[in-house]
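A.B. asks: model-v3.csv (CSV, C-alpha atoms) pasted underneath:
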chain,number,residue,atom,x,y,z
C,250,MET,CA,21.0,8.7,27.1
C,251,SER,CA,21.5,6.1,24.3
C,252,HIS,CA,20.0,2.7,24.4
C,253,THR,CA,19.5,-0.2,22.0
C,254,PHE,CA,16.9,-2.7,20.7
C,255,THR,CA,17.3,-5.4,18.2
C,256,LEU,CA,15.7,-5.3,14.7
C,257,ASP,CA,15.8,-8.6,12.9
C,258,GLY,CA,18.8,-9.5,15.0
C,259,LYS,CA,20.7,-6.3,14.3
C,260,VAL,CA,21.4,-4.0,17.3
C,261,VAL,CA,19.9,-0.6,16.7
C,262,PRO,CA,20.7,2.4,18.9
C,263,PHE,CA,18.0,5.0,19.8
C,264,VAL,CA,17.6,8.1,21.9
C,265,ASP,CA,14.6,8.6,24.2
C,266,GLY,CA,11.5,9.6,22.4
C,267,GLN,CA,12.4,8.0,19.1
C,268,THR,CA,9.9,5.7,17.4
C,269,ILE,CA,11.0,2.3,16.1
C,270,ILE,CA,10.9,3.5,12.5
C,271,GLN,CA,12.9,6.7,13.3
C,272,ALA,CA,15.6,4.7,15.0
C,273,ALA,CA,15.6,2.1,12.2
C,274,SER,CA,15.8,4.8,9.5
C,275,ALA,CA,18.7,6.5,11.4
C,276,ALA,CA,20.5,3.1,11.4
C,277,GLY,CA,19.9,2.7,7.7
C,278,VAL,CA,17.3,0.0,8.0
C,279,PHE,CA,14.3,0.3,5.7
C,280,ILE,CA,10.8,-0.5,7.0
C,281,PRO,CA,8.1,-0.2,4.4
C,282,HIS,CA,5.6,2.6,5.0
C,283,LEU,CA,3.2,4.9,3.2
C,284,CYS,CA,1.5,7.3,5.6
C,285,TYR,CA,4.6,7.9,7.7
C,286,HIS,CA,6.8,10.8,6.7
C,287,PRO,CA,9.7,11.9,8.9
C,288,GLU,CA,8.7,15.5,8.9
C,289,PHE,CA,5.2,15.0,10.2
C,290,LYS,CA,3.5,13.6,13.3
C,291,PRO,CA,2.7,9.9,12.6
C,292,HIS,CA,-0.8,9.0,11.5
C,293,GLY,CA,-0.5,5.3,12.1
C,294,SER,CA,-3.2,4.4,9.6
C,295,CYS,CA,-1.6,2.6,6.6
C,296,LYS,CA,-0.2,-0.2,8.8
C,297,LEU,CA,2.5,-0.9,6.2
C,298,CYS,CA,5.2,-0.3,8.8
C,299,THR,CA,3.8,-2.9,11.1
C,300,VAL,CA,6.4,-4.9,12.9
C,301,LYS,CA,6.4,-7.5,15.7
C,302,VAL,CA,7.6,-6.2,19.0
C,303,ASN,CA,8.3,-9.0,21.4
C,304,GLY,CA,5.9,-11.1,19.4
C,305,ARG,CA,3.1,-8.6,19.1
C,306,HIS,CA,2.0,-6.6,16.0
C,307,THR,CA,2.4,-2.8,16.2
C,308,ALA,CA,2.9,0.1,13.9
C,309,SER,CA,6.6,1.1,14.0
C,310,CYS,CA,5.8,4.7,13.2
C,311,THR,CA,3.8,5.2,16.4
C,312,MET,CA,5.6,2.8,18.8
C,313,ARG,CA,8.4,4.4,20.8
C,314,ALA,CA,11.6,2.4,21.0
C,315,ALA,CA,12.4,0.9,24.4
C,316,PRO,CA,15.6,-0.8,25.6
C,317,GLY,CA,15.9,-4.5,24.9
C,318,MET,CA,12.9,-4.6,22.5
C,319,VAL,CA,13.0,-7.6,20.1
C,320,VAL,CA,11.6,-6.3,16.8
C,321,GLU,CA,10.9,-8.4,13.7
C,322,SER,CA,10.3,-6.7,10.4
C,323,GLU,CA,11.7,-8.5,7.3
C,324,THR,CA,10.0,-11.8,7.9
C,325,GLU,CA,7.9,-13.7,5.3
C,326,GLU,CA,4.9,-13.5,7.6
C,327,ILE,CA,5.0,-9.7,8.0
C,328,ASN,CA,5.8,-9.0,4.4
C,329,ALA,CA,2.9,-11.2,3.3
C,330,GLU,CA,0.6,-9.1,5.5
C,331,ARG,CA,2.1,-5.9,4.1
C,332,ARG,CA,1.6,-7.2,0.6
C,333,ALA,CA,-2.0,-8.0,1.3
C,334,LEU,CA,-2.5,-4.4,2.6
C,335,THR,CA,-0.9,-3.0,-0.5
C,336,GLN,CA,-3.1,-5.2,-2.7
C,337,MET,CA,-6.2,-3.9,-0.9
C,338,LEU,CA,-5.0,-0.3,-1.6
C,339,PHE,CA,-4.6,-1.1,-5.3
C,340,VAL,CA,-8.1,-2.6,-5.7
C,341,GLU,CA,-9.9,0.1,-3.6
C,342,GLY,CA,-8.8,2.9,-6.0
C,343,ASN,CA,-8.1,3.1,-9.7
C,344,HIS,CA,-4.3,2.5,-9.9
C,345,PHE,CA,-3.5,2.3,-13.6
C,346,CYS,CA,0.3,2.8,-13.6
C,347,PRO,CA,0.9,3.0,-17.4
C,348,SER,CA,-1.2,6.2,-17.7
C,349,CYS,CA,-0.2,7.8,-14.4
C,350,GLU,CA,2.3,10.7,-14.4
C,351,LYS,CA,3.5,9.6,-11.0
C,352,SER,CA,4.6,6.1,-12.2
C,353,GLY,CA,8.3,5.5,-11.3
C,354,ASN,CA,8.1,8.2,-8.6
C,355,CYS,CA,5.2,6.6,-6.7
C,356,GLN,CA,5.8,5.3,-3.2
C,357,LEU,CA,2.8,2.9,-3.5
C,358,GLN,CA,4.1,1.4,-6.7
C,359,ALA,CA,7.7,1.2,-5.4
C,360,THR,CA,6.5,-0.4,-2.2
C,361,ALA,CA,4.5,-2.9,-4.2
C,362,TYR,CA,7.7,-3.7,-6.2
C,363,HIS,CA,9.6,-4.0,-2.9
C,364,LEU,CA,7.0,-6.5,-1.6
C,365,GLY,CA,7.0,-8.5,-4.8
C,366,MET,CA,3.4,-7.8,-5.6
C,367,MET,CA,2.8,-9.5,-8.9
C,368,SER,CA,-1.0,-8.9,-9.0
C,369,ALA,CA,-3.7,-7.1,-6.9
C,370,HIS,CA,-5.1,-10.6,-6.0
C,371,TYR,CA,-8.5,-9.3,-4.9
C,372,ASP,CA,-11.5,-8.2,-7.0
C,373,HIS,CA,-11.1,-4.6,-8.2
C,374,PHE,CA,-13.7,-2.1,-7.0
C,375,PHE,CA,-13.3,0.2,-10.0
C,376,PRO,CA,-14.8,3.2,-8.0
C,377,ASN,CA,-16.1,6.2,-9.8
C,378,ARG,CA,-14.2,9.2,-8.6
C,379,ALA,CA,-14.2,12.6,-10.5
C,380,VAL,CA,-11.0,14.5,-11.0
C,381,ASP,CA,-10.6,18.1,-10.0
C,382,ALA,CA,-8.8,20.1,-12.7
C,383,SER,CA,-10.2,23.5,-11.5
C,384,HIS,CA,-6.9,24.9,-10.1
C,385,PRO,CA,-4.7,26.7,-12.6
C,386,ASP,CA,-1.5,24.9,-11.4
C,387,PHE,CA,-2.6,21.6,-10.0
C,388,LEU,CA,-4.7,18.6,-10.9
C,389,LEU,CA,-6.3,16.4,-8.3
C,390,ASP,CA,-6.9,12.8,-9.3
C,391,PHE,CA,-8.8,11.2,-6.5
C,392,ASN,CA,-8.7,7.8,-8.2
C,393,ARG,CA,-5.2,7.2,-6.7
C,394,CYS,CA,-5.8,8.5,-3.2
C,395,ILE,CA,-4.6,6.0,-0.5
C,396,LEU,CA,-5.8,8.2,2.4
C,397,CYS,CA,-2.4,8.6,3.9
C,398,SER,CA,-3.4,12.1,5.1
C,399,LEU,CA,0.0,13.6,4.3
C,400,CYS,CA,-1.5,16.5,2.4
C,401,VAL,CA,-4.0,17.0,5.2
C,402,ARG,CA,-1.2,17.2,7.8
C,403,ALA,CA,1.1,19.4,5.6
C,404,SER,CA,-1.6,21.9,4.8
C,405,ARG,CA,-2.8,22.1,8.3
C,406,ASP,CA,0.5,21.9,10.3
C,407,VAL,CA,3.0,23.5,7.9
C,408,ASP,CA,1.1,25.7,5.5
C,409,GLY,CA,-1.6,26.7,8.0
C,410,LYS,CA,-4.3,26.6,5.3
C,411,ASN,CA,-6.3,23.4,6.0
C,412,VAL,CA,-7.0,22.9,2.3
C,413,PHE,CA,-7.5,19.1,2.6
C,414,ALA,CA,-9.4,16.8,4.9
C,415,LEU,CA,-10.5,13.2,5.2
C,416,SER,CA,-14.3,12.8,5.2
C,417,GLY,CA,-16.6,9.9,5.8
C,418,ARG,CA,-15.8,6.7,7.7
C,419,GLY,CA,-14.6,3.2,7.0
C,420,ILE,CA,-14.7,2.2,3.4
C,421,LYS,CA,-16.5,5.5,2.6
C,422,THR,CA,-13.5,7.6,3.8
C,423,HIS,CA,-12.4,10.0,1.1
C,424,LEU,CA,-10.2,13.0,0.6
C,425,ILE,CA,-12.1,16.3,0.3
C,426,VAL,CA,-11.1,19.9,-0.5
C,427,ASN,CA,-12.0,22.5,2.1
C,428,ALA,CA,-14.0,24.9,0.0
C,429,LYS,CA,-17.8,25.5,-0.3
C,430,SER,CA,-17.7,24.4,-3.9
C,431,GLY,CA,-15.3,21.5,-3.1
C,432,GLN,CA,-13.0,22.7,-5.8
C,433,LEU,CA,-9.3,23.3,-5.4
C,434,ALA,CA,-9.5,26.5,-7.4
C,435,ASP,CA,-11.6,28.0,-4.6
C,436,THR,CA,-8.9,27.5,-1.9
C,437,ASP,CA,-5.7,29.4,-1.4
C,438,PHE,CA,-3.6,26.4,-2.4
C,439,THR,CA,-0.4,27.5,-4.2
C,440,LEU,CA,2.7,26.0,-5.8
C,441,ASP,CA,5.0,26.6,-2.8
C,442,ASP,CA,2.7,24.8,-0.4
C,443,LYS,CA,4.2,21.9,1.5
C,444,ALA,CA,1.0,20.0,0.8
C,445,ALA,CA,1.8,20.3,-2.9
C,446,GLN,CA,5.0,18.3,-2.4
C,447,VAL,CA,4.1,15.4,-0.1
C,448,CYS,CA,1.6,13.2,-2.0
C,449,PRO,CA,3.2,9.8,-2.2
C,450,VAL,CA,1.0,8.7,-5.1
C,451,GLY,CA,-0.4,10.5,-8.1
C,452,VAL,CA,-3.3,12.5,-6.6
C,453,ILE,CA,-1.8,16.0,-6.4
C,454,LEU,CA,-0.1,16.6,-9.7
C,455,LYS,CA,1.5,19.8,-11.0
C,456,LYS,CA,0.1,20.8,-14.3
C,457,ARG,CA,2.2,21.3,-17.5
C,458,GLN,CA,5.1,19.0,-16.6
C,459,GLY,CA,3.8,15.6,-17.7
C,460,PHE,CA,6.5,13.2,-18.7
C,461,ALA,CA,9.3,15.8,-18.2
C,462,VAL,CA,11.3,12.8,-17.1
C,463,PRO,CA,10.6,9.7,-19.2
C,464,ILE,CA,9.2,6.5,-17.7
C,465,GLY,CA,12.1,4.2,-17.0
C,466,GLU,CA,14.4,7.1,-15.8
C,467,ARG,CA,12.5,8.0,-12.7
C,468,LYS,CA,13.4,7.8,-9.1
C,469,TYR,CA,12.4,4.2,-8.3
C,470,ASP,CA,13.4,3.0,-11.8
C,471,LYS,CA,16.9,3.8,-10.8
C,472,ALA,CA,17.0,2.2,-7.3
C,473,PRO,CA,14.4,0.3,-5.2
C,474,ILE,CA,12.6,2.2,-2.5
C,475,SER,CA,14.6,0.3,0.2
C,476,GLU,CA,17.8,1.9,-1.1
C,477,THR,CA,16.6,5.5,-1.7
C,478,ALA,CA,17.1,8.1,0.9
C,479,GLU,CA,14.3,8.5,3.5
C,480,SER,CA,11.8,11.3,3.0
C,481,THR,CA,13.0,12.4,-0.3
C,482,GLU,CA,9.5,12.1,-1.7
C,483,GLY,CA,8.7,14.9,-4.0
C,484,ARG,CA,9.0,15.6,-7.7
W,25,MET,CA,19.1,-40.9,-24.6
W,26,THR,CA,15.6,-39.8,-25.7
W,27,ALA,CA,15.0,-36.1,-26.3
W,28,LYS,CA,13.1,-34.4,-23.6
W,29,LYS,CA,9.5,-33.8,-24.5
W,30,LYS,CA,8.8,-30.2,-25.5
W,31,LEU,CA,6.4,-28.2,-23.4
W,32,LYS,CA,3.3,-27.1,-25.2
W,33,VAL,CA,2.7,-23.3,-24.9
W,34,ALA,CA,-0.5,-21.6,-25.9
W,35,THR,CA,-0.9,-17.8,-26.1
W,36,THR,CA,-3.7,-15.4,-26.8
W,37,SER,CA,-4.6,-11.7,-26.6
W,38,LEU,CA,-8.1,-11.0,-25.2
W,39,ALA,CA,-8.9,-7.3,-24.5
W,40,GLY,CA,-5.3,-6.3,-25.1
W,41,CYS,CA,-3.4,-4.5,-27.8
W,42,PHE,CA,-0.9,-7.2,-28.8
W,43,GLY,CA,1.8,-5.1,-27.3
W,44,CYS,CA,2.7,-7.9,-24.8
W,45,HIS,CA,3.0,-10.3,-27.7
W,46,MET,CA,5.2,-7.9,-29.5
W,47,SER,CA,7.3,-7.7,-26.3
W,48,PHE,CA,7.4,-11.5,-26.2
W,49,LEU,CA,8.8,-11.4,-29.8
W,50,ASP,CA,11.4,-8.9,-28.5
W,51,ILE,CA,13.2,-11.8,-26.8
W,52,ASP,CA,14.7,-11.9,-30.4
W,53,GLU,CA,17.2,-14.7,-31.0
W,54,ARG,CA,16.4,-16.2,-27.6
W,55,LEU,CA,13.3,-17.5,-29.3
W,56,PHE,CA,15.5,-20.2,-30.9
W,57,THR,CA,16.7,-21.3,-27.4
W,58,LEU,CA,13.1,-21.2,-26.3
W,59,LEU,CA,12.0,-23.4,-29.2
W,60,GLU,CA,14.5,-26.1,-28.1
W,61,HIS,CA,12.3,-26.5,-25.0
W,62,ILE,CA,8.8,-25.6,-26.1
W,63,GLU,CA,6.5,-25.8,-29.1
W,64,PHE,CA,3.7,-23.3,-29.7
W,65,ASP,CA,0.1,-24.6,-29.7
W,66,ARG,CA,-2.9,-22.2,-30.0
W,67,SER,CA,-1.4,-18.8,-30.5
W,68,PRO,CA,-1.5,-15.8,-32.9
W,69,LEU,CA,2.0,-16.9,-33.8
W,70,THR,CA,0.8,-20.3,-35.2
W,71,ASP,CA,-2.8,-19.3,-36.1
W,72,ILE,CA,-4.0,-22.5,-34.5
W,73,LYS,CA,-7.5,-21.7,-33.3
W,74,THR,CA,-8.2,-24.0,-30.4
W,75,CYS,CA,-6.0,-25.3,-27.5
W,76,SER,CA,-4.8,-28.9,-27.5
W,77,PRO,CA,-6.1,-30.6,-24.3
W,78,ASP,CA,-2.6,-31.2,-23.0
W,79,CYS,CA,-1.0,-27.7,-23.1
W,80,ASP,CA,1.6,-27.1,-20.4
W,81,ILE,CA,1.6,-23.3,-20.3
W,82,GLY,CA,-1.0,-20.8,-21.3
W,83,ILE,CA,-0.1,-17.2,-21.6
W,84,ILE,CA,-2.9,-14.6,-21.6
W,85,GLU,CA,-2.6,-11.0,-22.7
W,86,GLY,CA,-5.5,-8.6,-22.1
W,87,GLY,CA,-8.5,-8.5,-19.8
W,88,LEU,CA,-12.1,-9.5,-20.3
W,89,CYS,CA,-14.3,-7.0,-22.2
W,90,ASN,CA,-16.7,-9.3,-23.9
W,91,ALA,CA,-18.3,-12.8,-23.8
W,92,GLU,CA,-15.9,-14.3,-26.2
W,93,ASN,CA,-12.9,-13.2,-24.1
W,94,VAL,CA,-14.5,-15.2,-21.2
W,95,HIS,CA,-15.0,-18.2,-23.4
W,96,VAL,CA,-11.4,-18.2,-24.6
W,97,LEU,CA,-10.1,-17.7,-21.1
W,98,ARG,CA,-12.1,-20.7,-19.9
W,99,GLU,CA,-10.8,-22.8,-22.8
W,100,PHE,CA,-7.2,-21.9,-21.8
W,101,ARG,CA,-7.8,-22.8,-18.2
W,102,LYS,CA,-9.4,-26.1,-19.1
W,103,ASN,CA,-6.5,-27.1,-21.4
W,104,CYS,CA,-3.4,-25.6,-19.8
W,105,LYS,CA,-1.7,-26.9,-16.6
W,106,ILE,CA,-0.2,-23.5,-15.9
W,107,LEU,CA,-1.8,-20.2,-16.7
W,108,ILE,CA,0.1,-16.9,-16.8
W,109,ALA,CA,-1.4,-13.4,-16.9
W,110,MET,CA,0.9,-11.3,-19.2
W,111,GLY,CA,0.8,-7.5,-18.8
W,112,ALA,CA,-1.2,-4.8,-17.1
W,113,CYS,CA,-4.6,-5.4,-18.9
W,114,ALA,CA,-4.7,-9.1,-17.9
W,115,ILE,CA,-3.8,-8.2,-14.3
W,116,ASN,CA,-6.0,-5.2,-13.6
W,117,GLY,CA,-8.0,-4.5,-16.8
W,118,GLY,CA,-5.6,-1.8,-17.9
W,119,LEU,CA,-6.6,0.8,-20.5
W,120,PRO,CA,-9.9,-0.9,-21.6
W,121,ALA,CA,-11.0,-0.8,-17.9
W,122,GLN,CA,-10.9,3.0,-18.1
W,123,ARG,CA,-14.5,2.6,-19.3
W,124,ASN,CA,-15.6,0.9,-16.1
W,125,HIS,CA,-17.1,3.9,-14.4
W,126,LEU,CA,-19.3,4.6,-17.4
W,127,PRO,CA,-22.6,2.7,-18.1
W,128,LEU,CA,-22.2,0.6,-21.2
W,129,THR,CA,-25.3,2.1,-22.8
W,130,THR,CA,-23.8,5.6,-22.5
W,131,ILE,CA,-20.6,4.4,-24.2
W,132,LEU,CA,-22.5,2.7,-27.1
W,133,GLU,CA,-24.7,5.7,-27.5
W,134,GLU,CA,-21.8,8.1,-27.7
W,135,VAL,CA,-19.7,5.9,-30.0
W,136,TYR,CA,-22.5,5.0,-32.5
W,137,HIS,CA,-25.2,7.7,-32.1
W,138,THR,CA,-24.2,11.0,-30.7
W,139,SER,CA,-20.6,11.6,-31.7
W,140,PRO,CA,-20.2,14.3,-34.3
W,141,GLY,CA,-20.3,13.1,-37.9
W,142,LEU,CA,-22.5,10.1,-37.2
W,143,ALA,CA,-25.6,10.2,-39.4
W,144,ASN,CA,-28.2,7.5,-38.8
W,145,GLY,CA,-25.6,5.5,-36.8
W,146,MET,CA,-26.8,2.3,-35.3
W,147,ILE,CA,-25.4,0.1,-32.5
W,148,PRO,CA,-24.0,-3.1,-34.1
W,149,ASN,CA,-26.2,-6.1,-33.3
W,150,ASP,CA,-25.0,-8.9,-35.5
W,151,PRO,CA,-25.3,-12.3,-33.8
W,152,GLU,CA,-21.6,-13.0,-34.7
W,153,LEU,CA,-20.4,-10.1,-32.6
W,154,PRO,CA,-19.6,-11.1,-29.0
W,155,LEU,CA,-21.6,-9.1,-26.5
W,156,PRO,CA,-19.6,-6.6,-24.4
W,157,LEU,CA,-19.5,-7.1,-20.7
W,158,ASN,CA,-20.8,-4.3,-18.5
W,159,GLN,CA,-17.3,-3.8,-17.1
W,160,VAL,CA,-13.8,-4.9,-18.1
W,161,HIS,CA,-12.4,-7.5,-15.7
W,162,PRO,CA,-8.9,-8.7,-14.8
W,163,ILE,CA,-8.6,-12.4,-15.7
W,164,HIS,CA,-7.9,-13.6,-12.2
W,165,GLU,CA,-11.5,-12.6,-11.3
W,166,VAL,CA,-12.8,-15.4,-13.5
W,167,VAL,CA,-10.3,-18.2,-13.4
W,168,LYS,CA,-7.4,-19.3,-11.3
W,169,ILE,CA,-4.2,-17.7,-12.5
W,170,ASP,CA,-0.9,-19.3,-11.5
W,171,TYR,CA,1.6,-16.6,-12.3
W,172,PHE,CA,1.6,-12.9,-13.2
W,173,MET,CA,4.0,-10.9,-15.4
W,174,PRO,CA,3.2,-7.2,-14.7
W,175,GLY,CA,4.1,-4.4,-17.1
W,176,CYS,CA,2.7,-2.4,-20.0
W,177,PRO,CA,4.1,-4.4,-21.6
W,178,PRO,CA,6.4,-6.6,-19.5
W,179,SER,CA,9.9,-6.2,-21.0
W,180,ALA,CA,11.3,-9.0,-23.2
W,181,ASP,CA,13.8,-9.6,-20.4
W,182,ALA,CA,11.0,-10.0,-17.8
W,183,ILE,CA,9.1,-12.4,-20.0
W,184,TRP,CA,12.3,-14.3,-20.7
W,185,LYS,CA,13.0,-14.5,-16.9
W,186,VAL,CA,9.6,-15.8,-16.1
W,187,LEU,CA,9.6,-18.5,-18.8
W,188,THR,CA,13.2,-19.6,-18.1
W,189,ASP,CA,12.5,-19.8,-14.3
W,190,LEU,CA,9.4,-21.9,-15.1
W,191,LEU,CA,11.4,-24.2,-17.5
W,192,ALA,CA,14.0,-24.6,-14.8
W,193,GLY,CA,11.2,-25.7,-12.4
W,194,LYS,CA,11.6,-22.6,-10.2
W,195,GLU,CA,9.1,-20.1,-8.9
W,196,PRO,CA,9.3,-17.1,-11.3
W,197,GLU,CA,10.8,-14.0,-9.6
W,198,LEU,CA,11.2,-10.5,-11.0
W,199,GLY,CA,13.7,-8.4,-9.2
W,200,HIS,CA,14.3,-4.6,-9.4
W,201,GLY,CA,14.4,-3.4,-13.0
W,202,LEU,CA,12.3,-6.3,-14.3
W,203,MET,CA,9.3,-5.7,-12.1
W,204,HIS,CA,7.3,-2.8,-13.6
W,205,TYR,CA,3.7,-1.9,-13.7
W,206,ASP,CA,4.2,0.8,-16.3
Would you mind giving the structure from this file in structure tokens?

C.D. replies:
Amino acid sequence: MSHTFTLDGKVVPFVDGQTIIQAASAAGVFIPHLCYHPEFKPHGSCKLCTVKVNGRHTASCTMRAAPGMVVESETEEINAERRALTQMLFVEGNHFCPSCEKSGNCQLQATAYHLGMMSAHYDHFFPNRAVDASHPDFLLDFNRCILCSLCVRASRDVDGKNVFALSGRGIKTHLIVNAKSGQLADTDFTLDDKAAQVCPVGVILKKRQGFAVPIGERKYDKAPISETAESTEGR
Amino acid sequence: MTAKKKLKVATTSLAGCFGCHMSFLDIDERLFTLLEHIEFDRSPLTDIKTCSPDCDIGIIEGGLCNAENVHVLREFRKNCKILIAMGACAINGGLPAQRNHLPLTTILEEVYHTSPGLANGMIPNDPELPLPLNQVHPIHEVVKIDYFMPGCPPSADAIWKVLTDLLAGKEPELGHGLMHYD
């Protein structure tokens, strides 16, 4: 049975069980998000997809659509909150776009562009995070991790390997590799893993293909994230 | 009709590579149009060494890596009505900030003592040399910054857009294609 709700005044149809972001996406309406990926169970942690439903804040990736809901998304208030969240992600890690292979293909960067983020506003943490270059085919640069858990979900739910996990709590939460040594080389992580394809930022990078596509000609250089097809993240 | 008073623009490069200034010069012949509306005060382009007290716009390239950078930045803030951070290094420290996870003593030791080929090296200690800061900082962490032009460097078109928006009395805005962090 098909129903509708309104999103910024636009009537959006949905089927039972669909979340707000799924229905919006099917209707061609972009809601900013980072930890949400249409192929995975929602995690609801990044809060970028927050909308107001009947006046109350909620994550649109976890909230199921219901008939007659009044949803606000592209408002100055909500986008200012999304921008602040994005700025916090930038200062918590080390996000130096000019030297990052993911630049131009990065969802965090493209989302920041979409939100008009001109600076990170807050004081930078400049955390000290070691990279893991132990694997023959992949480099892990933890400096850029935004804790979306997509690699965790992909490795666990699709690859059946449990290579990644989030460890610690609160501000100390960090991505770890599930091996006694903590090194990616000591896992069964391989090129064809789903987890190798889903990183929205520049943490999980394939070796030996740096700058195959020049900066300026990459995905989000060509079109803003709001106009690029959903879930086409990958390299 | 009297000619409209030209706006005074000061520029400097702190811990930057002058790439943003080069990109600024890449506005090419639009410089002539710009010079109908502005005059340069303290800037590497004029070689004037201190800001006039009545500058309208200050443009800062680069972050803060030593005590002199902080001094110059404060001079700009004191003398400029509007301060603009130009480029990645001014905004987040950029390339120089890649040293931030290393203790300063370790870096100085390696550069002047332990690197191969250094015999009897010594860490420079001339009173004329500004002391390095423990970490490289973005400029907004020290003074209030009014506007930001991201990019490494921001393109000539992005710089032109921000300046012309400001001259027109508008909030500067960079749309898709002009907004770049890389």

A.B. asks: Mind giving me the straight-line distance from atom CA of C:Phe460 to atom CA of W:Ser47 in Å, one decimal?

C.D. replies: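 Distance reported for this atom pair: 22.3 Å.
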
A.B. asks: Write out, as JSON lines, each residue of chain W that has an atom at most 10 Å from chain C, together with the closest pair of atoms and their distance in Å to one decimal, counting all atoms listed in the file, rows going by chain and rising number.

C.D. replies:
{"residue": "W:Ala109", "atom": "CA", "partner": "C:Ser368", "partner_atom": "CA", "distance": 9.1}
{"residue": "W:Ala112", "atom": "CA", "partner": "C:Pro347", "partner_atom": "CA", "distance": 8.1}
{"residue": "W:Cys113", "atom": "CA", "partner": "C:Phe345", "partner_atom": "CA", "distance": 9.4}
{"residue": "W:Ala114", "atom": "CA", "partner": "C:Ser368", "partner_atom": "CA", "distance": 9.6}
{"residue": "W:Ile115", "atom": "CA", "partner": "C:Ser368", "partner_atom": "CA", "distance": 6.0}
{"residue": "W:Asn116", "atom": "CA", "partner": "C:Ala369", "partner_atom": "CA", "distance": 7.3}
{"residue": "W:Gly117", "atom": "CA", "partner": "C:Phe345", "partner_atom": "CA", "distance": 8.8}
{"residue": "W:Gly118", "atom": "CA", "partner": "C:Phe345", "partner_atom": "CA", "distance": 6.3}
{"residue": "W:Leu119", "atom": "CA", "partner": "C:Phe345", "partner_atom": "CA", "distance": 7.7}
{"residue": "W:Ala121", "atom": "CA", "partner": "C:Phe375", "partner_atom": "CA", "distance": 8.3}
{"residue": "W:Gln122", "atom": "CA", "partner": "C:Phe345", "partner_atom": "CA", "distance": 8.7}
{"residue": "W:Arg123", "atom": "CA", "partner": "C:Phe375", "partner_atom": "CA", "distance": 9.7}
{"residue": "W:Asn124", "atom": "CA", "partner": "C:Phe375", "partner_atom": "CA", "distance": 6.6}
{"residue": "W:His125", "atom": "CA", "partner": "C:Asn377", "partner_atom": "CA", "distance": 5.2}
{"residue": "W:Leu126", "atom": "CA", "partner": "C:Asn377", "partner_atom": "CA", "distance": 8.4}
{"residue": "W:Gln159", "atom": "CA", "partner": "C:Phe375", "partner_atom": "CA", "distance": 9.1}
{"residue": "W:Val160", "atom": "CA", "partner": "C:Phe375", "partner_atom": "CA", "distance": 9.6}
{"residue": "W:His161", "atom": "CA", "partner": "C:His373", "partner_atom": "CA", "distance": 8.1}
{"residue": "W:Pro162", "atom": "CA", "partner": "C:His373", "partner_atom": "CA", "distance": 8.1}
{"residue": "W:His164", "atom": "CA", "partner": "C:His370", "partner_atom": "CA", "distance": 7.4}
{"residue": "W:Glu165", "atom": "CA", "partner": "C:Asp372", "partner_atom": "CA", "distance": 6.2}
{"residue": "W:Val166", "atom": "CA", "partner": "C:Asp372", "partner_atom": "CA", "distance": 9.8}
{"residue": "W:Ile169", "atom": "CA", "partner": "C:His370", "partner_atom": "CA", "distance": 9.7}
{"residue": "W:Tyr171", "atom": "CA", "partner": "C:Met367", "partner_atom": "CA", "distance": 8.0}
{"residue": "W:Phe172", "atom": "CA", "partner": "C:Met367", "partner_atom": "CA", "distance": 5.6}
{"residue": "W:Met173", "atom": "CA", "partner": "C:Met367", "partner_atom": "CA", "distance": 6.8}
{"residue": "W:Pro174", "atom": "CA", "partner": "C:Met367", "partner_atom": "CA", "distance": 6.3}
{"residue": "W:Gly175", "atom": "CA", "partner": "C:Pro347", "partner_atom": "CA", "distance": 8.1}
{"residue": "W:Cys176", "atom": "CA", "partner": "C:Pro347", "partner_atom": "CA", "distance": 6.3}
{"residue": "W:Pro177", "atom": "CA", "partner": "C:Pro347", "partner_atom": "CA", "distance": 9.1}
{"residue": "W:Glu197", "atom": "CA", "partner": "C:Gly365", "partner_atom": "CA", "distance": 8.2}
{"residue": "W:Leu198", "atom": "CA", "partner": "C:Gly365", "partner_atom": "CA", "distance": 7.8}
{"residue": "W:Gly199", "atom": "CA", "partner": "C:Gly365", "partner_atom": "CA", "distance": 8.0}
{"residue": "W:His200", "atom": "CA", "partner": "C:Pro473", "partner_atom": "CA", "distance": 6.5}
{"residue": "W:Gly201", "atom": "CA", "partner": "C:Asp470", "partner_atom": "CA", "distance": 6.6}
{"residue": "W:Leu202", "atom": "CA", "partner": "C:Tyr362", "partner_atom": "CA", "distance": 9.7}
{"residue": "W:Met203", "atom": "CA", "partner": "C:Tyr362", "partner_atom": "CA", "distance": 6.4}
{"residue": "W:His204", "atom": "CA", "partner": "C:Tyr362", "partner_atom": "CA", "distance": 7.5}
{"residue": "W:Tyr205", "atom": "CA", "partner": "C:Cys346", "partner_atom": "CA", "distance": 5.8}
{"residue": "W:Asp206", "atom": "CA", "partner": "C:Pro347", "partner_atom": "CA", "distance": 4.1}

A.B. asks: Which polymer residues have any atom within 10 Å of an atom of C:Val407, counting all atoms listed in the file, with same-chain residues fewer than 3 positions away left out, as a list in words?

C.D. replies: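 Near neighbours after the sequence-gap exclusion: Glu288, Phe289, Cys400, Val401, Arg402, Ala403, Ser404, Lys410, Asn411, Asp442, Lys443 and Ala444 of chain C.
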
A.B. asks: Create the file for the chosen residues now, containing C-alpha atoms and written as a CSV table (one decimal), keeping the file's coordinate frame.

C.D. replies:
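Wrote selection_2.csv, looks like this:
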chain,number,residue,atom,x,y,z
C,288,GLU,CA,8.7,15.5,8.9
C,289,PHE,CA,5.2,15.0,10.2
C,400,CYS,CA,-1.5,16.5,2.4
C,401,VAL,CA,-4.0,17.0,5.2
C,402,ARG,CA,-1.2,17.2,7.8
C,403,ALA,CA,1.1,19.4,5.6
C,404,SER,CA,-1.6,21.9,4.8
C,410,LYS,CA,-4.3,26.6,5.3
C,411,ASN,CA,-6.3,23.4,6.0
C,442,ASP,CA,2.7,24.8,-0.4
C,443,LYS,CA,4.2,21.9,1.5
C,444,ALA,CA,1.0,20.0,0.8
